[in-house]
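Visitor: The structure file target-v4.cif (mmCIF, C-alpha atoms) is provided below.
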data_data
#
loop_
_atom_site.label_atom_id
_atom_site.label_comp_id
_atom_site.auth_asym_id
_atom_site.auth_seq_id
_atom_site.Cartn_x
_atom_site.Cartn_y
_atom_site.Cartn_z
CA MET A 1 61.07 -25.40 -68.70
CA LYS A 2 58.40 -24.43 -71.19
CA ILE A 3 55.76 -21.89 -70.34
CA THR A 4 53.12 -24.58 -70.73
CA ASP A 5 54.78 -26.53 -67.95
CA TYR A 6 54.40 -23.51 -65.66
CA ILE A 7 50.76 -23.23 -66.60
CA LYS A 8 50.21 -26.96 -65.95
CA LEU A 9 51.88 -26.66 -62.54
CA TRP A 10 49.71 -23.65 -61.63
CA LEU A 11 46.49 -25.38 -62.68
CA LEU A 12 47.43 -28.52 -60.74
CA SER A 13 48.03 -26.42 -57.61
CA PHE A 14 44.73 -24.57 -58.09
CA PHE A 15 42.73 -27.80 -58.45
CA ALA A 16 44.54 -29.37 -55.47
CA PHE A 17 43.74 -26.44 -53.16
CA SER A 18 40.17 -26.38 -54.46
CA VAL A 19 39.69 -30.03 -53.56
CA ILE A 20 41.23 -29.53 -50.11
CA GLY A 21 39.02 -26.47 -49.48
CA CYS A 22 35.89 -28.37 -50.44
CA ASP A 23 36.84 -31.16 -48.11
CA GLN A 24 37.36 -28.73 -45.20
CA GLU A 25 34.04 -26.90 -45.82
CA LEU A 26 32.13 -30.19 -46.03
CA ALA A 27 33.79 -31.37 -42.82
CA GLN A 28 32.85 -28.11 -41.02
CA GLN A 29 29.21 -28.34 -42.18
CA THR A 30 29.07 -31.94 -41.03
CA GLU A 31 30.43 -31.02 -37.58
CA GLU A 32 27.90 -28.15 -37.19
CA THR A 33 25.06 -30.44 -38.23
CA GLU A 34 26.13 -33.06 -35.71
CA ALA A 35 26.58 -30.40 -32.91
CA LYS A 36 23.15 -28.80 -33.40
CA PRO A 37 20.43 -31.47 -33.45
CA GLN A 38 17.08 -30.78 -35.06
CA TRP A 39 14.48 -29.10 -32.79
CA ASN A 40 11.98 -31.53 -31.32
CA TRP A 41 8.95 -30.21 -29.37
CA ASP A 42 8.50 -33.65 -27.80
CA ASN A 43 11.46 -32.84 -25.56
CA TYR A 44 9.44 -30.15 -23.75
CA GLU A 45 6.38 -30.22 -21.53
CA GLN A 46 3.11 -28.34 -21.93
CA ASN A 47 1.62 -26.79 -18.83
CA TYR A 48 -0.96 -24.27 -17.60
CA GLU A 49 1.57 -22.73 -15.20
CA LEU A 50 5.01 -21.10 -15.45
CA GLU A 51 7.45 -20.59 -12.61
CA LEU A 52 8.62 -16.97 -12.81
CA GLY A 53 11.49 -17.38 -10.39
CA SER A 54 12.55 -17.61 -6.77
CA LYS A 55 11.79 -14.47 -4.73
CA ARG A 56 12.51 -13.17 -1.24
CA VAL A 57 9.27 -12.43 0.58
CA ASN A 58 8.31 -10.99 3.97
CA ILE A 59 5.65 -12.56 6.21
CA GLN A 60 3.39 -10.20 8.17
CA PRO A 61 -0.01 -10.28 9.93
CA LYS A 62 -3.02 -8.81 8.17
CA ARG A 63 -2.62 -5.59 10.16
CA SER A 64 0.02 -4.45 12.61
CA VAL A 65 0.27 -1.14 14.47
CA ASP A 66 2.83 0.11 16.98
CA ILE A 67 1.24 2.24 19.72
CA THR A 68 3.55 5.02 20.96
CA ALA A 69 3.39 7.31 23.99
CA LYS A 70 1.95 10.67 22.98
CA SER A 71 3.54 12.41 25.95
CA SER A 72 5.91 11.72 28.81
CA GLY A 73 4.54 10.90 32.23
CA LYS A 74 3.50 8.21 34.66
CA LEU A 75 2.07 5.32 32.65
CA GLU A 76 -0.43 2.89 34.16
CA ILE A 77 -0.85 -0.48 32.42
CA LEU A 78 -4.39 -1.81 32.83
CA VAL A 79 -3.67 -5.44 31.77
CA ASN A 80 -1.85 -8.06 33.83
CA THR A 81 -0.07 -10.05 31.08
CA ALA A 82 2.23 -9.13 28.19
CA ILE A 83 0.02 -10.74 25.51
CA ASN A 84 -3.77 -10.38 25.45
CA GLU A 85 -6.57 -11.00 22.95
CA VAL A 86 -8.65 -7.80 22.95
CA GLU A 87 -11.57 -6.22 21.12
CA GLU A 88 -11.58 -2.96 19.19
CA ASP A 89 -11.39 0.23 21.34
CA PHE A 90 -10.14 -1.69 24.38
CA LEU A 91 -8.50 0.63 26.97
CA PHE A 92 -5.19 -0.90 28.07
CA ALA A 93 -3.14 2.04 29.46
CA GLN A 94 -3.30 5.61 30.77
CA ILE A 95 -0.74 8.37 31.35
CA ASP A 96 -1.08 10.81 34.30
CA LYS A 97 -4.39 9.31 35.33
CA GLU A 98 -4.48 11.18 38.66
CA LYS A 99 -4.05 14.58 37.01
CA LEU A 100 -6.77 13.74 34.55
CA GLU A 101 -9.13 12.65 37.32
CA SER A 102 -8.41 15.87 39.25
CA GLU A 103 -9.23 17.96 36.19
CA LEU A 104 -12.47 16.06 35.70
CA ILE A 105 -13.46 16.76 39.33
CA LYS A 106 -12.91 20.50 38.80
CA ILE A 107 -15.11 20.41 35.70
CA GLU A 108 -17.87 18.65 37.60
CA ILE A 109 -17.66 21.18 40.42
CA ALA A 110 -17.90 24.08 37.94
CA LYS A 111 -20.91 22.47 36.32
CA ARG A 112 -22.68 22.03 39.68
CA ALA A 113 -21.85 25.64 40.61
CA GLU A 114 -23.57 26.86 37.45
CA GLU A 115 -26.63 24.81 38.27
CA ARG A 116 -26.71 26.16 41.84
CA GLU A 117 -26.40 29.74 40.67
CA ASP A 118 -29.29 29.23 38.26
CA THR A 119 -31.42 27.71 41.00
CA GLN A 120 -30.51 30.37 43.55
CA TYR A 121 -31.19 33.18 41.14
CA GLU A 122 -34.50 31.86 39.86
CA GLU A 123 -35.86 30.68 43.19
CA PHE A 124 -34.38 33.16 45.68
CA GLU A 125 -32.56 36.21 44.37
CA ARG A 126 -34.91 37.17 41.60
CA PRO A 127 -38.15 36.72 43.53
CA GLN A 128 -36.71 38.65 46.49
CA LYS A 129 -35.48 41.47 44.30
CA MET A 130 -38.78 41.69 42.48
CA LYS A 131 -40.58 41.81 45.80
CA GLU A 132 -38.36 44.60 47.12
CA THR A 133 -38.64 46.78 44.02
CA ARG A 134 -42.37 46.24 43.84
CA LEU A 135 -42.74 47.28 47.50
CA ARG A 136 -40.59 50.36 47.00
CA LEU A 137 -42.62 51.34 43.98
CA LYS A 138 -45.81 50.98 45.94
CA GLU A 139 -44.47 53.07 48.85
CA ALA A 140 -43.30 55.80 46.42
CA GLU A 141 -46.75 55.95 44.89
CA ILE A 142 -48.36 56.21 48.35
CA ASP A 143 -45.98 58.97 49.46
CA LEU A 144 -46.72 61.00 46.33
CA LYS A 145 -50.46 60.61 46.81
CA ARG A 146 -50.16 61.63 50.44
CA ILE A 147 -48.24 64.84 49.64
CA LYS A 148 -50.68 65.76 46.92
CA ALA A 149 -53.56 65.13 49.28
CA VAL A 150 -52.06 67.43 51.89
CA MET A 151 -51.49 70.19 49.40
CA ASN A 152 -54.99 69.88 48.00
CA SER A 153 -56.80 69.66 51.37
CA LYS A 154 -57.76 73.04 53.01
CA VAL A 155 -57.67 71.65 56.52
CA LEU A 156 -54.35 69.88 56.05
CA ARG A 157 -52.90 72.88 54.28
CA GLU A 158 -53.81 75.16 57.22
CA GLU A 159 -52.13 72.72 59.60
CA ALA A 160 -49.06 72.69 57.36
CA VAL A 161 -48.94 76.49 57.31
CA THR A 162 -49.19 76.51 61.09
CA ALA A 163 -46.33 73.98 61.23
CA PHE A 164 -44.01 75.43 58.58
CA GLY A 165 -45.12 79.06 58.54
CA SER A 166 -44.12 81.10 55.57
CA GLU A 167 -41.92 78.25 54.27
CA TYR A 168 -44.91 76.01 53.70
CA ALA A 169 -45.14 76.68 49.99
CA GLU A 170 -41.49 76.03 49.45
CA VAL A 171 -41.47 72.88 51.61
CA GLY A 172 -44.58 71.57 49.95
CA GLN A 173 -43.19 71.97 46.46
CA LYS A 174 -39.92 70.39 47.49
CA ALA A 175 -41.66 67.43 49.11
CA LEU A 176 -43.80 66.95 46.00
CA LYS A 177 -40.77 66.99 43.75
CA GLU A 178 -38.92 64.48 45.92
CA ALA A 179 -41.92 62.18 45.99
CA GLU A 180 -42.23 62.31 42.22
CA GLU A 181 -38.49 61.58 41.82
CA GLU A 182 -38.70 58.68 44.24
CA LEU A 183 -41.59 57.26 42.31
CA ASP A 184 -39.69 57.52 39.03
CA LEU A 185 -36.69 55.79 40.61
CA ALA A 186 -38.85 53.02 42.02
CA LYS A 187 -40.38 52.48 38.60
CA ARG A 188 -36.98 52.25 36.93
CA GLN A 189 -35.70 49.82 39.55
CA PHE A 190 -38.76 47.66 39.07
CA GLU A 191 -38.25 47.63 35.32
CA LEU A 192 -34.55 46.78 35.74
CA ALA A 193 -35.37 44.00 38.12
CA GLU A 194 -37.90 42.66 35.65
CA GLU A 195 -35.80 42.95 32.49
CA TYR A 196 -32.15 43.84 33.06
CA ASP A 197 -31.30 41.56 35.96
CA PRO A 198 -32.23 38.32 34.13
CA GLY A 199 -30.06 39.40 31.21
CA GLU A 200 -27.15 40.21 33.51
CA HIS A 201 -27.45 36.84 35.18
CA ALA A 202 -27.65 35.10 31.83
CA ASP A 203 -24.43 36.83 30.69
CA LYS A 204 -22.62 35.79 33.84
CA GLN A 205 -23.80 32.23 33.38
CA GLU A 206 -22.73 32.28 29.71
CA LEU A 207 -19.21 33.33 30.70
CA SER A 208 -19.09 30.57 33.26
CA ARG A 209 -20.32 28.06 30.68
CA ILE A 210 -17.65 29.16 28.16
CA GLU A 211 -14.90 28.80 30.76
CA ARG A 212 -16.20 25.38 31.71
CA GLU A 213 -16.43 24.19 28.10
CA GLU A 214 -12.87 25.37 27.44
CA ARG A 215 -11.78 23.36 30.43
CA GLU A 216 -13.75 20.36 29.16
CA LYS A 217 -12.12 20.67 25.73
CA SER A 218 -8.70 20.80 27.35
CA TYR A 219 -9.67 17.77 29.40
CA ASP A 220 -10.80 15.84 26.33
CA GLU A 221 -7.52 16.61 24.58
CA ARG A 222 -5.53 15.49 27.57
CA LYS A 223 -7.71 12.42 27.89
CA GLU A 224 -7.07 11.55 24.24
CA THR A 225 -3.33 11.75 24.81
CA SER A 226 -3.66 10.03 28.15
CA GLU A 227 -5.83 7.04 27.22
CA TYR A 228 -4.51 4.27 24.98
CA ARG A 229 -7.05 2.14 23.13
CA VAL A 230 -6.55 -0.46 20.39
CA PRO A 231 -7.75 0.56 16.88
CA PHE A 232 -8.96 -2.96 15.98
CA SER A 233 -9.47 -6.41 17.48
CA GLY A 234 -6.42 -8.63 17.71
CA GLU A 235 -3.44 -9.65 19.79
CA LEU A 236 -2.19 -6.89 22.12
CA ARG A 237 1.48 -7.14 23.12
CA ILE A 238 3.04 -4.86 25.76
CA GLU A 239 6.43 -3.75 24.36
CA LEU A 240 7.96 -2.12 27.48
CA ASP A 241 11.39 -3.60 28.17
CA GLU A 242 10.86 -3.25 31.92
CA PHE A 243 7.36 -4.78 31.88
CA VAL A 244 6.66 -7.21 34.72
CA GLU A 245 3.38 -9.06 35.00
CA GLY A 246 1.32 -7.59 37.81
CA LYS A 247 3.22 -4.27 37.96
CA LYS A 248 1.00 -1.34 37.02
CA GLU A 249 3.00 1.88 36.95
CA TYR A 250 5.89 2.80 34.62
CA LEU A 251 7.55 5.97 33.37
CA ALA A 252 6.77 6.62 29.70
CA LYS A 253 8.81 8.74 27.30
CA GLY A 254 6.97 10.64 24.58
CA GLY A 255 7.32 8.86 21.22
CA GLY A 256 8.42 5.54 22.69
CA VAL A 257 6.61 2.33 21.72
CA ILE A 258 4.56 0.98 24.60
CA ALA A 259 2.56 -1.74 22.82
CA SER A 260 1.65 -3.30 19.49
CA ILE A 261 -1.62 -4.68 18.14
CA ASN A 262 -1.63 -7.42 15.46
CA ASP A 263 -4.54 -8.79 13.47
CA TYR A 264 -3.76 -12.46 12.77
CA GLU A 265 -7.02 -13.25 10.99
CA ASP A 266 -4.96 -13.59 7.78
CA MET A 267 -1.25 -13.89 7.18
CA HIS A 268 0.14 -11.62 4.46
CA VAL A 269 3.17 -12.49 2.35
CA ASN A 270 4.60 -9.29 0.84
CA LEU A 271 6.63 -9.23 -2.37
CA THR A 272 8.39 -6.01 -3.38
CA ILE A 273 8.27 -5.32 -7.14
CA LEU A 274 11.58 -4.14 -8.58
CA GLY A 275 10.85 -3.83 -12.32
CA GLU A 276 10.75 -7.53 -13.16
CA SER A 277 9.86 -8.63 -16.69
CA TRP A 278 6.65 -10.30 -15.44
CA VAL A 279 5.23 -7.09 -13.93
CA SER A 280 2.89 -6.72 -16.93
CA LEU A 281 1.11 -9.97 -16.04
CA GLU A 282 -2.33 -9.76 -14.48
CA PRO A 283 -1.61 -9.95 -10.71
CA SER A 284 -4.65 -12.15 -10.08
CA THR A 285 -2.93 -14.96 -12.04
CA LEU A 286 -0.02 -15.08 -9.58
CA TYR A 287 0.54 -17.21 -6.50
CA LEU A 288 3.46 -18.07 -4.24
CA LYS A 289 4.71 -21.44 -3.09
CA LEU A 290 6.66 -20.88 0.10
CA GLU A 291 9.88 -22.77 0.76
CA ASN A 292 8.68 -23.92 4.18
CA ALA A 293 8.16 -27.49 5.30
CA ASP A 294 4.55 -27.50 4.06
CA LYS A 295 5.29 -25.77 0.73
CA THR A 296 2.36 -23.47 1.50
CA VAL A 297 0.50 -22.00 -1.47
CA VAL A 298 -0.51 -18.35 -1.01
CA ASN A 299 -2.74 -16.58 -3.54
CA PHE A 300 -2.57 -12.96 -4.64
CA ARG A 301 -4.76 -10.59 -2.61
CA ASP A 302 -3.95 -6.91 -3.25
CA THR A 303 -1.34 -4.26 -4.07
CA LYS A 304 -0.09 -1.28 -2.10
CA THR A 305 2.51 1.46 -2.54
CA LEU A 306 4.92 2.44 0.23
CA LYS A 307 7.54 5.17 0.50
CA ASN A 308 11.08 3.81 0.78
CA LYS A 309 12.61 5.63 3.77
CA ALA A 310 16.13 5.34 2.35
CA THR A 311 15.51 6.38 -1.28
CA ARG A 312 12.30 8.41 -0.67
CA SER A 313 10.85 6.75 -3.77
CA ASP A 314 7.61 4.79 -4.08
CA GLU A 315 7.80 0.99 -3.95
CA LYS A 316 5.02 -1.24 -5.24
CA ILE A 317 4.23 -4.31 -3.17
CA TYR A 318 2.17 -7.35 -4.12
CA ILE A 319 0.27 -8.81 -1.17
CA PHE A 320 -0.45 -12.55 -1.07
CA ALA A 321 -2.71 -13.80 1.74
CA ILE A 322 -3.93 -16.96 3.44
CA PRO A 323 -6.28 -17.39 6.45
CA THR A 324 -4.21 -18.13 9.56
CA ALA A 325 -6.62 -20.93 10.46
CA GLU A 326 -5.53 -22.80 7.31
CA GLN A 327 -1.80 -22.46 8.08
CA PRO A 328 -1.29 -21.69 11.81
CA SER A 329 2.48 -22.25 11.55
CA LEU A 330 2.86 -19.03 9.55
CA LYS A 331 1.95 -16.97 12.64
CA ARG A 332 5.20 -18.12 14.23
CA LEU A 333 7.09 -16.80 11.18
CA SER A 334 5.54 -13.33 11.39
CA GLY A 335 8.13 -10.62 10.81
CA THR A 336 10.60 -12.94 9.06
CA GLY A 337 11.67 -13.38 5.44
CA MET A 338 11.96 -16.53 3.36
CA GLU A 339 12.33 -17.76 -0.19
CA ALA A 340 9.26 -18.48 -2.29
CA ARG A 341 8.60 -19.61 -5.86
CA LEU A 342 6.48 -17.16 -7.81
CA ILE A 343 4.15 -18.90 -10.29
CA THR A 344 1.64 -17.60 -12.83
CA ARG A 345 -1.42 -19.39 -14.10
CA LEU A 346 -1.41 -19.25 -17.92
CA PRO A 347 -4.53 -18.48 -19.99
CA GLU A 348 -3.90 -21.57 -22.13
CA LYS A 349 -1.70 -24.64 -22.16
CA CYS A 350 1.76 -23.56 -23.32
CA TRP A 351 5.13 -25.06 -24.10
CA ILE A 352 7.58 -24.49 -21.23
CA VAL A 353 11.01 -24.03 -22.83
CA PRO A 354 14.31 -23.11 -21.10
CA LYS A 355 15.78 -19.80 -22.23
CA VAL A 356 19.11 -21.51 -22.95
CA ASP A 357 17.51 -23.77 -25.56
CA ILE A 358 15.77 -20.80 -27.18
CA ALA A 359 19.05 -18.87 -27.37
CA LEU A 360 20.84 -21.82 -29.05
CA GLU A 361 18.03 -22.35 -31.54
CA ALA A 362 18.06 -18.63 -32.39
CA LEU A 363 21.66 -18.82 -33.69
CA GLY A 364 21.54 -17.97 -37.37
CA LYS A 365 17.76 -17.41 -37.24
CA SER A 366 17.32 -14.25 -35.18
CA THR A 367 19.44 -11.29 -34.13
CA SER A 368 16.82 -9.80 -31.79
CA LYS A 369 17.54 -9.32 -28.09
CA SER A 370 13.83 -9.49 -27.27
CA TRP A 371 12.59 -12.92 -26.24
CA SER A 372 9.22 -12.21 -27.85
CA ASN A 373 10.75 -11.25 -31.22
CA MET A 374 13.23 -14.11 -31.01
CA VAL A 375 10.42 -16.67 -30.59
CA GLU A 376 8.52 -15.22 -33.55
CA ASP A 377 11.67 -15.24 -35.72
CA ILE A 378 12.34 -18.92 -34.98
CA TRP A 379 8.76 -20.22 -35.36
CA ALA A 380 6.27 -18.36 -37.51
CA GLY A 381 3.00 -17.91 -35.62
CA ALA A 382 4.51 -18.59 -32.19
CA LYS A 383 3.64 -16.20 -29.34
CA LEU A 384 5.42 -15.54 -26.08
CA VAL A 385 2.78 -15.71 -23.32
CA ALA A 386 4.95 -15.24 -20.22
CA GLU A 387 8.61 -14.88 -19.35
CA GLY A 388 10.11 -16.52 -16.29
CA GLU A 389 13.55 -16.22 -14.78
CA ASN A 390 14.79 -19.37 -16.54
CA SER A 391 12.03 -20.43 -18.96
CA LEU A 392 9.48 -19.08 -21.41
CA ALA A 393 5.82 -20.02 -21.89
CA ILE A 394 5.15 -20.26 -25.64
CA ASP A 395 1.81 -20.61 -27.40
CA TYR A 396 2.54 -22.58 -30.60
CA GLN A 397 1.06 -25.39 -32.68
CA PRO A 398 3.95 -27.28 -34.37
CA ALA A 399 3.29 -28.24 -38.04
CA LEU A 400 2.92 -32.01 -38.78
CA GLU A 401 6.08 -33.55 -40.22
CA VAL A 402 5.52 -34.79 -43.83
CA GLU A 403 7.48 -37.88 -44.90
CA LEU A 404 8.87 -37.33 -48.42
CA THR A 405 9.51 -40.34 -50.82
CA VAL A 406 11.65 -40.22 -53.92
CA PRO A 407 10.06 -42.03 -56.94
CA VAL A 408 12.16 -44.72 -58.65
CA ALA A 409 12.90 -44.01 -62.30
CA ALA A 410 11.59 -46.55 -64.90
CA GLY A 411 14.07 -49.22 -65.81
CA VAL A 412 16.06 -48.77 -62.58
CA SER A 413 16.16 -51.82 -60.36
CA THR A 414 15.09 -51.50 -56.77
CA GLU A 415 18.41 -52.94 -55.68
CA SER A 416 20.30 -49.96 -57.13
CA ALA A 417 17.69 -47.59 -55.72
CA ASP A 418 17.97 -49.05 -52.21
CA LEU A 419 21.27 -47.48 -51.31
CA ASP A 420 22.66 -48.15 -47.90
CA GLU A 421 23.44 -45.24 -45.58
CA GLU A 422 27.06 -45.00 -46.68
CA ASP A 423 26.25 -44.96 -50.42
CA GLU A 424 23.46 -42.44 -49.85
CA THR A 425 25.84 -40.10 -48.06
CA LYS A 426 28.31 -40.40 -50.89
CA ALA A 427 25.61 -39.70 -53.44
CA GLN A 428 24.61 -36.50 -51.68
CA LEU A 429 28.15 -35.14 -51.54
CA PRO A 430 29.89 -33.70 -54.66
CA ARG A 431 32.11 -36.24 -56.45
CA GLU A 432 35.70 -35.98 -55.34
CA ARG A 433 38.40 -36.18 -57.96
CA ASP A 434 41.87 -37.34 -56.93
CA ALA A 435 45.04 -35.67 -58.13
CA LYS A 436 45.59 -38.30 -60.88
CA ASP A 437 42.26 -37.55 -62.54
CA THR A 438 43.00 -33.83 -62.38
CA VAL A 439 46.43 -34.26 -64.02
CA GLU A 440 44.96 -36.34 -66.84
CA ILE A 441 42.31 -33.69 -67.51
CA VAL A 442 44.91 -30.93 -67.59
CA ASN A 443 47.28 -32.94 -69.83
CA GLU A 444 44.49 -33.80 -72.25
CA ALA A 445 43.55 -30.10 -72.46
CA PHE A 446 47.11 -28.97 -73.13
CA LYS A 447 47.79 -31.90 -75.63
CA VAL A 448 45.11 -30.53 -77.91
CA SER A 449 46.48 -27.00 -77.72
CA GLU A 450 50.12 -28.07 -78.44
CA GLU A 451 49.57 -30.18 -81.63
CA PRO A 452 49.51 -27.30 -84.17
CA ALA A 453 52.76 -25.87 -82.80
CA SER A 454 54.69 -29.17 -83.30
CA LYS A 455 53.77 -29.40 -86.95
#
Turn the structure described in the file into structure tokens.

Guide:
Amino acid sequence: MKITDYIKLWLLSFFAFSVIGCDQELAQQTEETEAKPQWNWDNYEQNYELELGSKRVNIQPKRSVDITAKSSGKLEILVNTAINEVEEDFLFAQIDKEKLESELIKIEIAKRAEEREDTQYEEFERPQKMKETRLRLKEAEIDLKRIKAVMNSKVLREEAVTAFGSEYAEVGQKALKEAEEELDLAKRQFELAEEYDPGEHADKQELSRIEREEREKSYDERKETSEYRVPFSGELRIELDEFVEGKKEYLAKGGGVIASINDYEDMHVNLTILGESWVSLEPSTLYLKLENADKTVVNFRDTKTLKNKATRSDEKIYIFAIPTAEQPSLKRLSGTGMEARLITRLPEKCWIVPKVDIALEALGKSTSKSWSNMVEDIWAGAKLVAEGENSLAIDYQPALEVELTVPVAAGVSTESADLDEEDETKAQLPRERDAKDTVEIVNEAFKVSEEPASK
């Protein structure tokens, strides 16, 4: 076999594999085109709302407080039934009421005793004491004057000498000194009665008052721990397991729950936030649609942060609320959980597109893992407004489709230009050459190259 025959065989094989490869690539492109239809916005709805997902929520009254026993003792319940509608500051129970009443009686007695002592001192003791000291002072002054008169009178002095003899002078001086001392003492007692005694009485009364006020403070503290009042108006429920209507006295253990008070003016639906993608949305745009028989709609009300007892970390809670009068059946569900659809109101009318469709359309157009970037990569000018659990809300104005027409060349009949679908498809594909055409082309090429050698 000549070398040219080998070359011909190689070229034939090359062209054959080339044709087969082109056929396979065209077939693959055709299959992909048929499997991935062209995007059509008419297949999707536009809406002012987006469902963010199904959430587990907890239904609670507007306010709820457990009232616990502050100390152990004999508890007296002051209501006759387990459930009562009460007003704020209503007294419904007391612990150790008898001891408290006894302490109050002692305080009242001490207070009356202080008042009596004041009255007795001001109206009896002080006037009597002032009278006695004044009389003693007056008598001391008279005695001193009398002794001086005797010593200064010639007649009386002679009588004194006769009576006392040679000791008169000594007795006289001694009597004068004693009279002067008695007068000084009487004066001091009068001054003490006038000034010191009221101060002494006032001090005694002040000590009594302090003791009484300490007792009153102790009483107030015991009263605060003894009396149980509701902090706000609402439904009072006695929580004692052994409670029997009509029975008044029970034994309470410090720290145990004895009652609860619930404010059912509104019903709150609490949703715990756990880092969802929609947390950046304005909370006021959110509302819940409960999965109850009435499909109750509950609007956003407020937020609060609670400490998780298990993890000791803060948890953010969104509070949705509805007046109980509008949905009385929710009161029966208080303390329970249920499923609810969380929905956001959008700022403008948006396309609502499933995430699955976005992911398929992004094949070959975007490599981003961010839904926002993915949307922008697929459609220039598109903006992700909100992300739900299954769908996206997209703000986008699709461009108008322009119908293109191909002009007919001059001299070409319209019949040849109006190709049917099969001819048009063939015209768009590259012309396929069969093996016979390829062999003829190769032979013709090698025939020209071999002629000079044969001569």

Visitor: Would you translate the PyMOL selection byres ((chain A and resi 359) around 12) into the concrete set of residues it matches in this file, as a PyMOL selection string?

Guide: chain A and resi 353-358+360-375+377-378+390-392

Visitor: Deliver the residues from the most recent selection as a file, using C-alpha atoms, as a PDB file, in the frame of the given file.

Guide:
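See out36.pdb below for the written result:
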ATOM      1  CA  VAL A 353      11.010 -24.030 -22.830  1.00  0.00           C
ATOM      2  CA  PRO A 354      14.310 -23.110 -21.100  1.00  0.00           C
ATOM      3  CA  LYS A 355      15.780 -19.800 -22.230  1.00  0.00           C
ATOM      4  CA  VAL A 356      19.110 -21.510 -22.950  1.00  0.00           C
ATOM      5  CA  ASP A 357      17.510 -23.770 -25.560  1.00  0.00           C
ATOM      6  CA  ILE A 358      15.770 -20.800 -27.180  1.00  0.00           C
ATOM      7  CA  LEU A 360      20.840 -21.820 -29.050  1.00  0.00           C
ATOM      8  CA  GLU A 361      18.030 -22.350 -31.540  1.00  0.00           C
ATOM      9  CA  ALA A 362      18.060 -18.630 -32.390  1.00  0.00           C
ATOM     10  CA  LEU A 363      21.660 -18.820 -33.690  1.00  0.00           C
ATOM     11  CA  GLY A 364      21.540 -17.970 -37.370  1.00  0.00           C
ATOM     12  CA  LYS A 365      17.760 -17.410 -37.240  1.00  0.00           C
ATOM     13  CA  SER A 366      17.320 -14.250 -35.180  1.00  0.00           C
ATOM     14  CA  THR A 367      19.440 -11.290 -34.130  1.00  0.00           C
ATOM     15  CA  SER A 368      16.820  -9.800 -31.790  1.00  0.00           C
ATOM     16  CA  LYS A 369      17.540  -9.320 -28.090  1.00  0.00           C
ATOM     17  CA  SER A 370      13.830  -9.490 -27.270  1.00  0.00           C
ATOM     18  CA  TRP A 371      12.590 -12.920 -26.240  1.00  0.00           C
ATOM     19  CA  SER A 372       9.220 -12.210 -27.850  1.00  0.00           C
ATOM     20  CA  ASN A 373      10.750 -11.250 -31.220  1.00  0.00           C
ATOM     21  CA  MET A 374      13.230 -14.110 -31.010  1.00  0.00           C
ATOM     22  CA  VAL A 375      10.420 -16.670 -30.590  1.00  0.00           C
ATOM     23  CA  ASP A 377      11.670 -15.240 -35.720  1.00  0.00           C
ATOM     24  CA  ILE A 378      12.340 -18.920 -34.980  1.00  0.00           C
ATOM     25  CA  ASN A 390      14.790 -19.370 -16.540  1.00  0.00           C
ATOM     26  CA  SER A 391      12.030 -20.430 -18.960  1.00  0.00           C
ATOM     27  CA  LEU A 392       9.480 -19.080 -21.410  1.00  0.00           C
TER      28      LEU A 392
END

Visitor: Quick one: contact table of stretch 177-267 of chain A to stretch 319-334 of chain A, 8 Å max, nearest atom pair and distance in Å to one decimal per residue, counting all atoms listed in the file, chain and number order, as CSV?

Guide:
residue,atom,partner,partner_atom,distance
A:Tyr264,CA,A:Thr324,CA,6.5
A:Glu265,CA,A:Thr324,CA,5.8
A:Asp266,CA,A:Pro323,CA,4.2
A:Met267,CA,A:Ile322,CA,5.5

Visitor: For the provided coordinates, the residues matched by the PyMOL selection byres ((chain A and resi 125-139) around 9) should be stated as JSON, numbers by chain.

Guide: {"A": [120, 121, 122, 123, 124, 140, 141, 142, 143, 144, 182, 183, 184, 185, 186, 187, 189, 190, 191, 193, 194, 197, 198]}

Visitor: Would you save the residues from that selection as a JSON list (two decimals), in the frame of the given file, using C-alpha atoms?

Guide:
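Below is the file out.json, written as the result:
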[["chain", "number", "residue", "atom", "x", "y", "z"],
["A", 120, "GLN", "CA", -30.51, 30.37, 43.55],
["A", 121, "TYR", "CA", -31.19, 33.18, 41.14],
["A", 122, "GLU", "CA", -34.50, 31.86, 39.86],
["A", 123, "GLU", "CA", -35.86, 30.68, 43.19],
["A", 124, "PHE", "CA", -34.38, 33.16, 45.68],
["A", 140, "ALA", "CA", -43.30, 55.80, 46.42],
["A", 141, "GLU", "CA", -46.75, 55.95, 44.89],
["A", 142, "ILE", "CA", -48.36, 56.21, 48.35],
["A", 143, "ASP", "CA", -45.98, 58.97, 49.46],
["A", 144, "LEU", "CA", -46.72, 61.00, 46.33],
["A", 182, "GLU", "CA", -38.70, 58.68, 44.24],
["A", 183, "LEU", "CA", -41.59, 57.26, 42.31],
["A", 184, "ASP", "CA", -39.69, 57.52, 39.03],
["A", 185, "LEU", "CA", -36.69, 55.79, 40.61],
["A", 186, "ALA", "CA", -38.85, 53.02, 42.02],
["A", 187, "LYS", "CA", -40.38, 52.48, 38.60],
["A", 189, "GLN", "CA", -35.70, 49.82, 39.55],
["A", 190, "PHE", "CA", -38.76, 47.66, 39.07],
["A", 191, "GLU", "CA", -38.25, 47.63, 35.32],
["A", 193, "ALA", "CA", -35.37, 44.00, 38.12],
["A", 194, "GLU", "CA", -37.90, 42.66, 35.65],
["A", 197, "ASP", "CA", -31.30, 41.56, 35.96],
["A", 198, "PRO", "CA", -32.23, 38.32, 34.13]]

Visitor: Ranking A:Glu387, A:Asp302, A:Glu114, A:Asp96 by minimum distance to A:Lys70 and counting all atoms listed in the file, which one comes first?

Guide: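 Checking each candidate against A:Lys70, we get A:Asp96 as the closest.
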